[in-house]
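Structure below is start09.pdb: PDB, C-alpha atoms.
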```
ATOM      1  CA  MET Q   1     150.597   2.242-231.715
ATOM      2  CA  GLY Q   2     147.760   0.260-233.272
ATOM      3  CA  PRO Q   3     144.165  -0.093-232.038
ATOM      4  CA  ALA Q   4     144.766  -3.690-230.954
ATOM      5  CA  VAL Q   5     147.709  -2.730-228.778
ATOM      6  CA  THR Q   6     145.759   0.132-227.247
ATOM      7  CA  LEU Q   7     142.854  -2.198-226.465
ATOM      8  CA  VAL Q   8     145.173  -4.659-224.754
ATOM      9  CA  LYS Q   9     146.831  -1.932-222.656
ATOM     10  CA  ASP Q  10     143.500  -0.508-221.586
ATOM     11  CA  SER Q  11     142.285  -3.917-220.497
ATOM     12  CA  LEU Q  12     145.335  -4.727-218.334
ATOM     13  CA  PRO Q  13     144.259  -2.765-215.171
ATOM     14  CA  ALA Q  14     140.789  -4.263-215.328
ATOM     15  CA  ALA Q  15     142.272  -7.740-215.749
ATOM     16  CA  ARG Q  16     144.562  -7.206-212.782
ATOM     17  CA  ARG Q  17     141.669  -6.029-210.614
ATOM     18  CA  THR Q  18     139.577  -9.008-211.681
ATOM     19  CA  HIS Q  19     142.465 -11.383-210.903
ATOM     20  CA  SER Q  20     143.084  -9.760-207.492
ATOM     21  CA  ALA Q  21     139.394  -9.933-206.617
ATOM     22  CA  ALA Q  22     139.264 -13.570-207.676
ATOM     23  CA  SER Q  23     142.388 -14.352-205.624
ATOM     24  CA  ALA Q  24     140.960 -12.565-202.572
ATOM     25  CA  THR Q  25     137.672 -14.426-202.924
ATOM     26  CA  ALA Q  26     139.486 -17.723-203.312
ATOM     27  CA  GLY Q  27     141.747 -16.936-200.338
ATOM     28  CA  ARG Q  28     138.973 -15.983-197.918
ATOM     29  CA  PRO Q  29     137.796 -19.539-197.140
ATOM     30  CA  GLY Q  30     141.396 -20.648-196.559
ATOM     31  CA  ARG Q  31     142.060 -17.649-194.336
ATOM     32  CA  ARG Q  32     138.873 -18.292-192.398
ATOM     33  CA  ARG Q  33     139.884 -21.918-191.871
ATOM     34  CA  GLU Q  34     143.304 -20.814-190.625
ATOM     35  CA  ASN Q  35     141.738 -18.307-188.241
ATOM     36  CA  LEU Q  36     139.266 -20.920-187.017
ATOM     37  CA  ALA Q  37     142.084 -23.411-186.427
ATOM     38  CA  GLY Q  38     144.061 -20.757-184.549
ATOM     39  CA  TYR Q  39     141.133 -19.875-182.281
ATOM     40  CA  LEU Q  40     140.478 -23.592-181.747
ATOM     41  CA  PHE Q  41     144.036 -24.163-180.542
ATOM     42  CA  MET Q  42     143.815 -21.036-178.367
ATOM     43  CA  SER Q  43     140.452 -21.978-176.872
ATOM     44  CA  PRO Q  44     141.879 -23.855-173.831
ATOM     45  CA  TRP Q  45     143.987 -20.818-172.920
ATOM     46  CA  ILE Q  46     141.104 -18.414-173.552
ATOM     47  CA  ALA Q  47     138.755 -20.527-171.420
ATOM     48  CA  GLY Q  48     141.349 -20.790-168.676
ATOM     49  CA  PHE Q  49     141.991 -17.046-168.741
ATOM     50  CA  LEU Q  50     138.294 -16.186-168.553
ATOM     51  CA  LEU Q  51     137.406 -18.762-165.889
ATOM     52  CA  LEU Q  52     140.568 -18.758-163.742
ATOM     53  CA  THR Q  53     141.985 -15.252-164.137
ATOM     54  CA  ALA Q  54     139.651 -12.603-165.563
ATOM     55  CA  GLY Q  55     136.518 -13.968-163.864
ATOM     56  CA  PRO Q  56     138.012 -14.183-160.354
ATOM     57  CA  MET Q  57     139.587 -10.738-160.761
ATOM     58  CA  VAL Q  58     136.254  -9.143-161.627
ATOM     59  CA  ALA Q  59     134.582 -11.009-158.749
ATOM     60  CA  SER Q  60     137.280  -9.919-156.282
ATOM     61  CA  LEU Q  61     136.901  -6.311-157.412
ATOM     62  CA  TYR Q  62     133.206  -6.529-156.590
ATOM     63  CA  PHE Q  63     133.864  -8.240-153.242
ATOM     64  CA  ALA Q  64     136.359  -5.487-152.326
ATOM     65  CA  PHE Q  65     133.405  -3.110-151.970
ATOM     66  CA  THR Q  66     131.223  -5.543-150.005
ATOM     67  CA  ASP Q  67     130.930  -7.077-146.572
ATOM     68  CA  TYR Q  68     131.379 -10.750-147.471
ATOM     69  CA  ASN Q  69     132.274 -13.560-145.096
ATOM     70  CA  LEU Q  70     132.067 -16.589-147.480
ATOM     71  CA  PHE Q  71     128.805 -17.742-145.917
ATOM     72  CA  ASN Q  72     126.325 -14.905-146.342
ATOM     73  CA  THR Q  73     125.270 -12.876-149.362
ATOM     74  CA  PRO Q  74     127.716 -10.006-150.096
ATOM     75  CA  LYS Q  75     126.460  -6.644-148.812
ATOM     76  CA  TRP Q  76     127.603  -3.488-150.599
ATOM     77  CA  VAL Q  77     129.556  -1.190-148.243
ATOM     78  CA  GLY Q  78     131.400   1.055-150.692
ATOM     79  CA  PHE Q  79     134.882   2.118-149.581
ATOM     80  CA  ASP Q  80     134.457   0.923-145.979
ATOM     81  CA  ASN Q  81     136.944  -1.919-146.416
ATOM     82  CA  PHE Q  82     139.601   0.491-147.652
ATOM     83  CA  THR Q  83     139.057   3.024-144.878
ATOM     84  CA  LYS Q  84     139.075   0.239-142.287
ATOM     85  CA  MET Q  85     142.301  -1.041-143.809
ATOM     86  CA  PHE Q  86     144.188   2.209-143.175
ATOM     87  CA  ASP Q  87     142.933   2.293-139.575
ATOM     88  CA  ASP Q  88     144.039  -1.296-138.902
ATOM     89  CA  PRO Q  89     147.348  -1.458-136.934
ATOM     90  CA  ARG Q  90     148.068  -5.010-138.138
ATOM     91  CA  TRP Q  91     147.599  -3.934-141.761
ATOM     92  CA  GLN Q  92     150.080  -1.138-141.173
ATOM     93  CA  LYS Q  93     152.454  -3.669-139.608
ATOM     94  CA  SER Q  94     152.141  -5.959-142.631
ATOM     95  CA  VAL Q  95     153.024  -3.067-144.952
ATOM     96  CA  GLU Q  96     156.043  -2.236-142.801
ATOM     97  CA  VAL Q  97     157.280  -5.831-142.688
ATOM     98  CA  THR Q  98     156.805  -6.337-146.442
ATOM     99  CA  ALA Q  99     158.565  -3.072-147.301
ATOM    100  CA  LYS Q 100     161.492  -4.018-145.066
ATOM    101  CA  TYR Q 101     161.720  -7.450-146.652
ATOM    102  CA  VAL Q 102     161.659  -6.013-150.192
ATOM    103  CA  VAL Q 103     164.192  -3.255-149.483
ATOM    104  CA  ILE Q 104     166.686  -5.594-147.799
ATOM    105  CA  GLY Q 105     166.169  -8.901-149.584
ATOM    106  CA  THR Q 106     165.954  -7.802-153.219
ATOM    107  CA  PRO Q 107     169.243  -5.839-153.425
ATOM    108  CA  LEU Q 108     171.170  -8.548-151.531
ATOM    109  CA  LYS Q 109     169.821 -11.253-153.816
ATOM    110  CA  LEU Q 110     170.711  -9.310-156.961
ATOM    111  CA  LEU Q 111     174.187  -8.414-155.683
ATOM    112  CA  LEU Q 112     174.951 -12.052-154.942
ATOM    113  CA  ALA Q 113     173.501 -13.154-158.289
ATOM    114  CA  LEU Q 114     175.616 -10.618-160.180
ATOM    115  CA  GLY Q 115     178.768 -11.508-158.235
ATOM    116  CA  VAL Q 116     178.412 -15.229-158.914
ATOM    117  CA  ALA Q 117     177.532 -14.544-162.566
ATOM    118  CA  LEU Q 118     180.765 -12.545-162.952
ATOM    119  CA  LEU Q 119     182.726 -15.504-161.588
ATOM    120  CA  LEU Q 120     180.944 -18.050-163.762
ATOM    121  CA  ALA Q 121     181.351 -15.899-166.892
ATOM    122  CA  GLN Q 122     185.038 -16.776-166.869
ATOM    123  CA  SER Q 123     186.131 -20.013-168.503
ATOM    124  CA  ARG Q 124     187.075 -22.644-165.938
ATOM    125  CA  ARG Q 125     186.835 -26.371-165.367
ATOM    126  CA  GLY Q 126     183.520 -27.722-164.088
ATOM    127  CA  GLN Q 127     181.674 -24.581-165.174
ATOM    128  CA  ALA Q 128     178.497 -26.466-166.127
ATOM    129  CA  PHE Q 129     178.407 -28.168-162.721
ATOM    130  CA  TYR Q 130     178.759 -24.888-160.850
ATOM    131  CA  ARG Q 131     176.019 -23.265-162.899
ATOM    132  CA  ALA Q 132     173.634 -26.125-162.201
ATOM    133  CA  ALA Q 133     174.558 -26.198-158.498
ATOM    134  CA  PHE Q 134     173.971 -22.471-158.028
ATOM    135  CA  TYR Q 135     170.724 -22.574-159.997
ATOM    136  CA  ALA Q 136     169.231 -25.561-158.138
ATOM    137  CA  PRO Q 137     167.979 -23.604-155.052
ATOM    138  CA  SER Q 138     165.758 -21.488-157.334
ATOM    139  CA  LEU Q 139     163.882 -24.642-158.313
ATOM    140  CA  ILE Q 140     163.141 -25.835-154.786
ATOM    141  CA  GLY Q 141     163.397 -22.694-152.657
ATOM    142  CA  ALA Q 142     159.682 -21.863-152.674
ATOM    143  CA  SER Q 143     158.551 -25.347-151.634
ATOM    144  CA  VAL Q 144     156.939 -26.073-148.284
ATOM    145  CA  SER Q 145     159.532 -28.744-147.489
ATOM    146  CA  VAL Q 146     162.367 -26.218-147.779
ATOM    147  CA  GLY Q 147     160.426 -23.912-145.464
ATOM    148  CA  PHE Q 148     160.321 -26.649-142.809
ATOM    149  CA  VAL Q 149     164.044 -27.317-143.243
ATOM    150  CA  TRP Q 150     164.805 -23.611-142.996
ATOM    151  CA  ARG Q 151     162.776 -23.318-139.798
ATOM    152  CA  SER Q 152     164.668 -26.220-138.233
ATOM    153  CA  ILE Q 153     168.036 -24.733-139.245
ATOM    154  CA  PHE Q 154     167.254 -21.386-137.598
ATOM    155  CA  SER Q 155     165.559 -22.786-134.469
ATOM    156  CA  ASP Q 156     167.003 -22.730-130.951
ATOM    157  CA  GLY Q 157     169.936 -25.109-130.582
ATOM    158  CA  ALA Q 158     170.123 -25.783-134.328
ATOM    159  CA  VAL Q 159     173.024 -25.272-136.729
ATOM    160  CA  VAL Q 160     172.840 -21.487-136.940
ATOM    161  CA  ASP Q 161     172.406 -21.090-133.190
ATOM    162  CA  ARG Q 162     175.394 -23.337-132.420
ATOM    163  CA  THR Q 163     177.553 -21.589-135.004
ATOM    164  CA  GLN Q 164     176.713 -18.179-133.537
ATOM    165  CA  SER Q 165     177.522 -19.390-130.034
ATOM    166  CA  PHE Q 166     180.853 -20.802-131.232
ATOM    167  CA  LEU Q 167     181.709 -17.401-132.736
ATOM    168  CA  GLY Q 168     180.664 -15.574-129.582
ATOM    169  CA  PHE Q 169     177.264 -14.262-130.713
ATOM    170  CA  HIS Q 170     174.606 -15.391-128.243
ATOM    171  CA  VAL Q 171     171.455 -14.461-130.158
ATOM    172  CA  GLY Q 172     169.634 -17.770-129.971
ATOM    173  CA  GLY Q 173     167.473 -19.210-132.715
ATOM    174  CA  TRP Q 174     166.273 -16.674-135.241
ATOM    175  CA  VAL Q 175     162.829 -18.222-135.635
ATOM    176  CA  GLY Q 176     161.815 -17.472-132.047
ATOM    177  CA  ASN Q 177     163.400 -14.019-131.964
ATOM    178  CA  ALA Q 178     161.192 -11.163-133.167
ATOM    179  CA  ASP Q 179     164.261  -9.063-134.010
ATOM    180  CA  TRP Q 180     165.882 -11.728-136.207
ATOM    181  CA  VAL Q 181     163.179 -13.937-137.703
ATOM    182  CA  LEU Q 182     162.611 -11.667-140.710
ATOM    183  CA  TYR Q 183     166.299 -11.962-141.585
ATOM    184  CA  SER Q 184     165.904 -15.721-141.823
ATOM    185  CA  LEU Q 185     163.375 -15.075-144.618
ATOM    186  CA  VAL Q 186     165.825 -12.647-146.228
ATOM    187  CA  ALA Q 187     168.508 -15.348-146.068
ATOM    188  CA  LEU Q 188     166.107 -17.785-147.731
ATOM    189  CA  THR Q 189     165.330 -15.458-150.636
ATOM    190  CA  VAL Q 190     169.023 -14.591-151.086
ATOM    191  CA  TRP Q 191     169.806 -18.317-151.190
ATOM    192  CA  GLN Q 192     167.493 -18.570-154.221
ATOM    193  CA  PHE Q 193     169.667 -16.301-156.380
ATOM    194  CA  GLY Q 194     169.997 -18.838-159.219
ATOM    195  CA  ALA Q 195     167.332 -17.459-161.570
ATOM    196  CA  PRO Q 196     168.638 -13.856-161.733
ATOM    197  CA  MET Q 197     172.180 -15.265-161.866
ATOM    198  CA  VAL Q 198     171.397 -17.119-165.115
ATOM    199  CA  ILE Q 199     169.891 -13.948-166.605
ATOM    200  CA  PHE Q 200     172.944 -11.921-165.586
ATOM    201  CA  LEU Q 201     175.197 -14.586-167.069
ATOM    202  CA  ALA Q 202     173.374 -14.383-170.398
ATOM    203  CA  GLY Q 203     173.799 -10.604-170.392
ATOM    204  CA  LEU Q 204     177.507 -10.815-169.580
ATOM    205  CA  LYS Q 205     178.047 -13.149-172.522
ATOM    206  CA  GLN Q 206     176.730 -10.440-174.855
ATOM    207  CA  VAL Q 207     179.299  -7.803-173.837
ATOM    208  CA  PRO Q 208     181.825  -7.422-176.710
ATOM    209  CA  ARG Q 209     185.350  -8.465-175.711
ATOM    210  CA  GLU Q 210     186.777  -5.669-177.841
ATOM    211  CA  LEU Q 211     185.586  -3.121-175.293
ATOM    212  CA  TYR Q 212     187.596  -4.772-172.516
ATOM    213  CA  GLU Q 213     190.667  -5.016-174.738
ATOM    214  CA  ALA Q 214     190.439  -1.332-175.603
ATOM    215  CA  ALA Q 215     190.024  -0.446-171.921
ATOM    216  CA  GLU Q 216     193.094  -2.515-170.994
ATOM    217  CA  MET Q 217     195.138  -0.663-173.614
ATOM    218  CA  ASP Q 218     194.066   2.589-171.916
ATOM    219  CA  GLY Q 219     195.242   1.220-168.563
ATOM    220  CA  ALA Q 220     191.809   0.580-167.025
ATOM    221  CA  GLY Q 221     191.712  -1.751-164.020
ATOM    222  CA  PRO Q 222     189.051  -4.328-163.104
ATOM    223  CA  PHE Q 223     186.874  -1.854-161.220
ATOM    224  CA  ARG Q 224     186.898   0.741-164.009
ATOM    225  CA  LYS Q 225     186.113  -1.922-166.610
ATOM    226  CA  PHE Q 226     183.194  -3.140-164.505
ATOM    227  CA  TRP Q 227     181.847   0.345-163.800
ATOM    228  CA  ASN Q 228     182.330   1.866-167.255
ATOM    229  CA  ILE Q 229     181.769  -1.165-169.510
ATOM    230  CA  THR Q 230     180.103  -4.128-167.813
ATOM    231  CA  LEU Q 231     177.477  -2.263-165.810
ATOM    232  CA  PRO Q 232     176.248   0.012-168.633
ATOM    233  CA  MET Q 233     176.217  -2.865-171.129
ATOM    234  CA  ILE Q 234     174.138  -5.145-168.879
ATOM    235  CA  SER Q 235     171.903  -2.352-167.535
ATOM    236  CA  PRO Q 236     168.834  -3.625-169.500
ATOM    237  CA  VAL Q 237     169.347  -7.059-167.934
ATOM    238  CA  LEU Q 238     169.817  -5.446-164.523
ATOM    239  CA  PHE Q 239     166.583  -3.495-164.972
ATOM    240  CA  PHE Q 240     164.722  -6.676-165.919
ATOM    241  CA  ASN Q 241     166.021  -8.505-162.843
ATOM    242  CA  VAL Q 242     165.247  -5.589-160.514
ATOM    243  CA  LEU Q 243     161.700  -5.398-161.843
ATOM    244  CA  LEU Q 244     161.108  -9.145-161.704
ATOM    245  CA  GLU Q 245     162.596  -9.704-158.245
ATOM    246  CA  THR Q 246     160.859  -6.673-156.734
ATOM    247  CA  ILE Q 247     157.464  -7.917-157.887
ATOM    248  CA  HIS Q 248     158.328 -11.411-156.672
ATOM    249  CA  SER Q 249     159.337 -10.084-153.228
ATOM    250  CA  PHE Q 250     155.978  -8.376-152.779
ATOM    251  CA  GLN Q 251     154.315 -11.752-153.276
ATOM    252  CA  ILE Q 252     156.163 -13.648-150.539
ATOM    253  CA  PHE Q 253     153.857 -15.986-148.638
ATOM    254  CA  ALA Q 254     154.809 -19.678-148.409
ATOM    255  CA  SER Q 255     158.202 -19.208-146.746
ATOM    256  CA  ALA Q 256     156.880 -16.672-144.222
ATOM    257  CA  TYR Q 257     153.864 -18.843-143.426
ATOM    258  CA  VAL Q 258     155.860 -22.048-142.930
ATOM    259  CA  VAL Q 259     158.929 -20.640-141.172
ATOM    260  CA  SER Q 260     156.710 -18.815-138.664
ATOM    261  CA  ASN Q 261     154.729 -22.029-138.009
ATOM    262  CA  THR Q 262     151.595 -20.593-139.714
ATOM    263  CA  TYR Q 263     151.075 -17.649-137.315
ATOM    264  CA  CYS Q 264     153.425 -15.088-138.927
ATOM    265  CA  GLY Q 265     155.169 -14.289-135.684
ATOM    266  CA  PRO Q 266     156.523 -13.897-133.125
ATOM    267  CA  ALA Q 267     154.933 -10.519-132.405
ATOM    268  CA  ASP Q 268     153.897 -10.234-136.068
ATOM    269  CA  ALA Q 269     157.576 -10.037-137.025
ATOM    270  CA  THR Q 270     156.936 -12.025-140.227
ATOM    271  CA  LEU Q 271     153.452 -10.668-140.882
ATOM    272  CA  VAL Q 272     154.048  -9.996-144.559
ATOM    273  CA  TYR Q 273     151.190  -8.530-146.557
ATOM    274  CA  THR Q 274     150.021 -11.756-148.175
ATOM    275  CA  CYS Q 275     150.119 -13.573-144.839
ATOM    276  CA  TYR Q 276     147.754 -11.042-143.275
ATOM    277  CA  LEU Q 277     145.588 -11.188-146.401
ATOM    278  CA  TYR Q 278     145.344 -14.964-145.986
ATOM    279  CA  GLN Q 279     144.444 -14.636-142.312
ATOM    280  CA  GLN Q 280     141.675 -12.147-143.029
ATOM    281  CA  GLY Q 281     140.224 -14.074-145.953
ATOM    282  CA  PHE Q 282     140.430 -17.694-144.845
ATOM    283  CA  LYS Q 283     140.883 -17.665-141.059
ATOM    284  CA  ASN Q 284     138.646 -14.732-140.167
ATOM    285  CA  ALA Q 285     136.302 -15.247-143.166
ATOM    286  CA  GLN Q 286     136.537 -11.546-144.056
ATOM    287  CA  MET Q 287     136.713 -12.107-147.793
ATOM    288  CA  GLY Q 288     135.574  -8.584-148.668
ATOM    289  CA  PHE Q 289     138.381  -7.070-146.600
ATOM    290  CA  ALA Q 290     140.875  -9.557-148.071
ATOM    291  CA  ALA Q 291     139.776  -8.669-151.613
ATOM    292  CA  ALA Q 292     140.307  -4.987-150.855
ATOM    293  CA  MET Q 293     143.788  -5.833-149.548
ATOM    294  CA  ALA Q 294     144.558  -7.768-152.725
ATOM    295  CA  TRP Q 295     143.609  -4.840-154.946
ATOM    296  CA  MET Q 296     145.625  -2.472-152.778
ATOM    297  CA  LEU Q 297     148.633  -4.759-153.254
ATOM    298  CA  LEU Q 298     148.053  -4.748-157.013
ATOM    299  CA  LEU Q 299     147.994  -0.945-157.021
ATOM    300  CA  ALA Q 300     151.175  -0.789-154.941
ATOM    301  CA  VAL Q 301     153.019  -3.163-157.276
ATOM    302  CA  ALA Q 302     151.765  -1.216-160.292
ATOM    303  CA  LEU Q 303     153.007   2.035-158.735
ATOM    304  CA  VAL Q 304     156.443   0.575-157.989
ATOM    305  CA  THR Q 305     156.611  -0.836-161.522
ATOM    306  CA  ALA Q 306     155.716   2.563-162.992
ATOM    307  CA  VAL Q 307     158.440   4.244-160.915
ATOM    308  CA  LEU Q 308     161.005   1.696-162.092
ATOM    309  CA  PHE Q 309     160.034   2.215-165.731
ATOM    310  CA  TRP Q 310     160.255   5.968-165.243
ATOM    311  CA  SER Q 311     163.680   5.730-163.607
ATOM    312  CA  GLN Q 312     165.151   3.505-166.319
ATOM    313  CA  LYS Q 313     165.570   6.526-168.584
ATOM    314  CA  LYS Q 314     168.328   7.733-166.273
ATOM    315  CA  TRP Q 315     170.374   4.572-165.778
ATOM    316  CA  VAL Q 316     169.450   1.953-168.398
ATOM    317  CA  HIS Q 317     171.458   2.131-171.631
ATOM    318  CA  TYR Q 318     169.980   0.513-174.729
ATOM    319  CA  GLU Q 319     171.662   0.008-178.054
ATOM    320  CA  GLU Q 320     170.402   2.241-180.851
ATOM    321  CA  GLY Q 321     167.063   0.876-182.069
ATOM    322  CA  ALA Q 322     166.952  -1.864-179.389
ATOM    323  CA  ARG Q 323     164.008  -0.428-177.472
TER     324      ARG Q 323
END
```
Write out the structure in this file as structure tokens.
Amino acid sequence: MGPAVTLVKDSLPAARRTHSAASATAGRPGRRRENLAGYLFMSPWIAGFLLLTAGPMVASLYFAFTDYNLFNTPKWVGFDNFTKMFDDPRWQKSVEVTAKYVVIGTPLKLLLALGVALLLAQSRRGQAFYRAAFYAPSLIGASVSVGFVWRSIFSDGAVVDRTQSFLGFHVGGWVGNADWVLYSLVALTVWQFGAPMVIFLAGLKQVPRELYEAAEMDGAGPFRKFWNITLPMISPVLFFNVLLETIHSFQIFASAYVVSNTYCGPADATLVYTCYLYQQGFKNAQMGFAAAMAWMLLLAVALVTAVLFWSQKKWVHYEEGAR
């Protein structure tokens, strides 16, 4: 190997380093421009998050520890709002009503959504129409107008009352009955099963047909195929729907407020948590107490979410490497 060749070989690493440094220097302005453009496009979202989400959350956390009535300067009271909350019978009633609504309404909604999804997963004529028809209530169910219609349907002498009387059940209108009015809200949330139905339908489409064919060769019936194949295969989708609908049920407000004619009754029968929060904050001007209630609700939802994530290890089956 001659001296010239050796000189060239020795100079190659230095040349590469010089080229890399030059490329990095040349690329920095372009990278900075790209980053600047990215932040510029994100700036409306960042501003909205800071002004409409993060800012109000920090302010509400401060108000939760103050005596604030919207008109006077907030006065720091420490944990008084939280201690007063646990001693408040109406707060306890709102927790009871909300828990009952979540425990009854969420499973019924998911069962109906899964049942309809199983029917729509089969090929049949007019399938697109049925999917759209079943999904439509999810788009309009939370509106105030539907709440008024629902209240009129379940009032005394209305359709539900006349149907019950025809069948021999003399209960009267559900809206004016403290024992039945909450179930009218449950019926409303179950009627809005379209969104979880679409998610279930997407999960059912991903189940390999070969598994069903193999199960049929082993003599498995419809129930065994559902229990041993369908349910485990769609368990991640089921977990997602359970989590989403549980959180959504905790946030019920508009339907309870409208169906009960804005007073969350009778006898506080529809006094869901958010309805009582609204009454304290905007009717009684106890914004400090309402802020404490809001943070307590956030903690409760976070706790339920943590329990669901913990429990998924025992009943949710993921494909290898899909987590």
Just give me the gap between atom CA of Q:Met233 and atom CA of Q:His317 in Å, one decimal is fine.
->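 These atoms are spaced 6.9 Å apart.
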Residue IDs satisfying the PyMOL selection byres ((chain Q and resi 189) around 12), as number ranges by chain = Q: 101-102, 104-110, 112-113, 137-138, 140-142, 146-147, 150, 182-188, 190-196, 245-246, 248-256
Given the selection you just returned, output its residues as a file containing C-alpha atoms, formatted as an mmCIF file, in the coordinates of the input.
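Once written, part.cif looks like this:
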```cif
data_model
loop_
_atom_site.group_PDB
_atom_site.id
_atom_site.type_symbol
_atom_site.label_atom_id
_atom_site.label_comp_id
_atom_site.auth_asym_id
_atom_site.auth_seq_id
_atom_site.Cartn_x
_atom_site.Cartn_y
_atom_site.Cartn_z
ATOM 1 C CA TYR Q 101 161.720 -7.450 -146.652
ATOM 2 C CA VAL Q 102 161.659 -6.013 -150.192
ATOM 3 C CA ILE Q 104 166.686 -5.594 -147.799
ATOM 4 C CA GLY Q 105 166.169 -8.901 -149.584
ATOM 5 C CA THR Q 106 165.954 -7.802 -153.219
ATOM 6 C CA PRO Q 107 169.243 -5.839 -153.425
ATOM 7 C CA LEU Q 108 171.170 -8.548 -151.531
ATOM 8 C CA LYS Q 109 169.821 -11.253 -153.816
ATOM 9 C CA LEU Q 110 170.711 -9.310 -156.961
ATOM 10 C CA LEU Q 112 174.951 -12.052 -154.942
ATOM 11 C CA ALA Q 113 173.501 -13.154 -158.289
ATOM 12 C CA PRO Q 137 167.979 -23.604 -155.052
ATOM 13 C CA SER Q 138 165.758 -21.488 -157.334
ATOM 14 C CA ILE Q 140 163.141 -25.835 -154.786
ATOM 15 C CA GLY Q 141 163.397 -22.694 -152.657
ATOM 16 C CA ALA Q 142 159.682 -21.863 -152.674
ATOM 17 C CA VAL Q 146 162.367 -26.218 -147.779
ATOM 18 C CA GLY Q 147 160.426 -23.912 -145.464
ATOM 19 C CA TRP Q 150 164.805 -23.611 -142.996
ATOM 20 C CA LEU Q 182 162.611 -11.667 -140.710
ATOM 21 C CA TYR Q 183 166.299 -11.962 -141.585
ATOM 22 C CA SER Q 184 165.904 -15.721 -141.823
ATOM 23 C CA LEU Q 185 163.375 -15.075 -144.618
ATOM 24 C CA VAL Q 186 165.825 -12.647 -146.228
ATOM 25 C CA ALA Q 187 168.508 -15.348 -146.068
ATOM 26 C CA LEU Q 188 166.107 -17.785 -147.731
ATOM 27 C CA VAL Q 190 169.023 -14.591 -151.086
ATOM 28 C CA TRP Q 191 169.806 -18.317 -151.190
ATOM 29 C CA GLN Q 192 167.493 -18.570 -154.221
ATOM 30 C CA PHE Q 193 169.667 -16.301 -156.380
ATOM 31 C CA GLY Q 194 169.997 -18.838 -159.219
ATOM 32 C CA ALA Q 195 167.332 -17.459 -161.570
ATOM 33 C CA PRO Q 196 168.638 -13.856 -161.733
ATOM 34 C CA GLU Q 245 162.596 -9.704 -158.245
ATOM 35 C CA THR Q 246 160.859 -6.673 -156.734
ATOM 36 C CA HIS Q 248 158.328 -11.411 -156.672
ATOM 37 C CA SER Q 249 159.337 -10.084 -153.228
ATOM 38 C CA PHE Q 250 155.978 -8.376 -152.779
ATOM 39 C CA GLN Q 251 154.315 -11.752 -153.276
ATOM 40 C CA ILE Q 252 156.163 -13.648 -150.539
ATOM 41 C CA PHE Q 253 153.857 -15.986 -148.638
ATOM 42 C CA ALA Q 254 154.809 -19.678 -148.409
ATOM 43 C CA SER Q 255 158.202 -19.208 -146.746
ATOM 44 C CA ALA Q 256 156.880 -16.672 -144.222
#
```
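Put simply, the PyMOL selection byres ((chain Q and resi 78-80) around 9) in this file takes in Ala64, Phe65, Thr66, Asp67, Trp76, Val77, Asn81, Phe82, Thr83, Lys84, Met85 and Phe289 of chain Q.
Comparing the minimum interatomic distances between Q:Ala292 and each of Q:Tyr39, Q:Phe223, Q:Trp91, Q:Phe49, counting only C-alpha atoms, we find that Q:Trp91 sits nearest.
Of the residues listed (Q:Cys275, Q:Ile153, Q:Leu298, Q:Val198), Q:Val198 shows the shortest atom-to-atom separation from Q:Ala132; distances use only C-alpha atoms.
In this comparison, which uses only C-alpha atoms, the residue of Q:Ser143, Q:Leu201, Q:Ala291, Q:Ala158 approaching Q:Asn241 most closely is Q:Leu201.
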Distance of atom CA of Q:Ala178 from atom CA of Q:Val160, expressed in Å to one decimal place |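 Calculated distance between atom CA of Q:Val160 and atom CA of Q:Ala178 is 16.0 Å.
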Calculate how many Å separate atom CA of Q:Ala269 from atom CA of Q:Gln286, rounding to one decimal.
->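 Result for atom CA of Q:Ala269 versus atom CA of Q:Gln286: 22.2 Å, one decimal.
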Within 12 Å of Q:Ala300, counting all atoms listed in the file, which residues show up once you throw out same-chain ones fewer than 2 positions away? Write them as an MDAnalysis selection string, please.
-> chainID Q and resid 95 98:99 246:247 250:251 273 293:298 302:307
Can you work out which one of Q:Arg124, Q:Ser260, Q:Met57, Q:Gly288 has the shortest atom-to-atom distance to Q:Thr73, counting all atoms listed in the file?
-> Q:Gly288
May I have the residues within 9 Å of Q:Val116 as a PyMOL selection string, using all atoms listed in the file and disregarding those fewer than 4 positions away in the same chain?
-> chain Q and resi 111-112+120-121+134+197+201
Quick one: everything within 9 Å of Q:Pro236, counting all atoms listed in the file, minus sequence neighbours fewer than 6 positions away in the same chain. Send it as a PyMOL selection string.
-> chain Q and resi 203+312+316-318
Which is closest to Q:Val272 among Q:Ser145, Q:Ser43, Q:Asn69, Q:Ser94, if we use all atoms listed in the file?
-> Q:Ser94
Around stretch 133-140 of chain Q, fit a box with edges along x, y and z, padding it by 4 Å on each side, then list its centre and edge lengths in Å to one decimal as lines of an AutoDock Vina configuration file.
```
center_x = 168.8
center_y = -23.8
center_z = -157.4
size_x = 19.4
size_y = 12.7
size_z = 13.2
```
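Between Q:Phe63 and the candidates Q:Met42, Q:Val301, Q:Ala136, Q:Met287, the tightest atom-to-atom separation, counting all atoms listed in the file, involves Q:Met287.
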